[in-house]
Every structure is written in structure tokens, then in C-alpha cells.
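A.B. asks: I'd like to ask you about the structure that follows.
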Amino acid sequence: MKKGKLSERAFKIVYILNPFLFLLQQGEKVLTELEDKVREEVGKVLDPETGMSFAEMQMITKVKEEESGVVRVEFIPTSPFCPIAFKLAADIRDAAKKVPGVKKALVYCRGHAMEQQINEMTNK
């Protein structure tokens, strides 16, 4: 199997374990090099309530290079009323900006009662 491709079995297993993950069909490119680096860096952000990283909790649902140097990161907080979602969004944005080649990081919270406000504040 080539790097960056999921076998049909792996696709089914991952989808069953977490249907919220953004998965691509078999044979399609999974992530660009910059997207992969950003996903790795933002995955290190810790949720202070659990002490676990976003990667461990699979809270990063999407990383996409919108245009050269501009990445979009989407995440789901631990609950729809997470009291620190604003801080988490800012932490994710700051982590993404640390990656060489990232000029701008857009961070979008999904599934939170105040997602619109969080997204506006984080990306202004």
C-alpha cells in the first residue's frame, strides 16, 4: 500500500470507530505535506480538563490547505457547552501558526453552543 492511502478494510475500521473523522475514499490523497505537519502540531494541544492531547481524543476533524500558506482546521470540543472552547480554538490557531510555511490559520469549532461566536473571535 502506498503512503497516504487507506485500504478498504482500514477505511471501514476507522469509520466505524469514529464516524466524525473526515475520511477520503480509497485511492485519494489524504493530506498534503503542510496539512500533515499542521495536523501533527495541533494534535499536541492539550485539553486541560482531561490532560489528553487533541490527537489522542481525535478532536481535530479537518485540516485543509485552502490556498498557499493558509490552512483551515476544524475541531470538536469535548462537549457542546465546553467552557474553555474559546481558549482551545486560540491554542489550535497558535499551534498551527508555528508550522513553517503557514501564513494564516483559520480555526473553526464545530458542535458547540457558541460556535459562531468562537469562530468569529478566533478568525478576526
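Each chain of the C-alpha cells is named A, B, ... in the order shown, its residues numbered from 1; ligands are numbered from 1 in display order.
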Can you tell me, as a ChimeraX atom specification, what residues are no more than 12 Å from Lys87 (chain A) when counting only C-alpha atoms, ignoring any on the same chain fewer than 2 positions away?

C.D. replies: /A:45-48,77,82-85,89-94,107,109,118-119,121-122

A.B. asks: One decimal, Å: what's the distance from CA of Ser68 (chain A) over to CA of Thr32 (chain A), could you say?

C.D. replies: 11.3 Å

A.B. asks: Figure out the distance between CA of Asp36 (chain A) and CA of Met52 (chain A), please, to one decimal in Å.

C.D. replies: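 The value is 20.0 Å.
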
A.B. asks: Between CA of Phe54 (chain A) and CA of Phe75 (chain A), what is the distance, to one decimal in Å?

C.D. replies: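 Result for CA of Phe54 (chain A) versus CA of Phe75 (chain A): 8.7 Å, one decimal.
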
A.B. asks: Give me the residues near region 60-66 of chain A as a ChimeraX atom specification, where near means some atom within 12 Å (using only C-alpha atoms) and where sequence neighbours in that chain fewer than 3 positions away do not count.

C.D. replies: /A:18-24,29-46,53-57,69-78,88-89,92-93,96,101-111
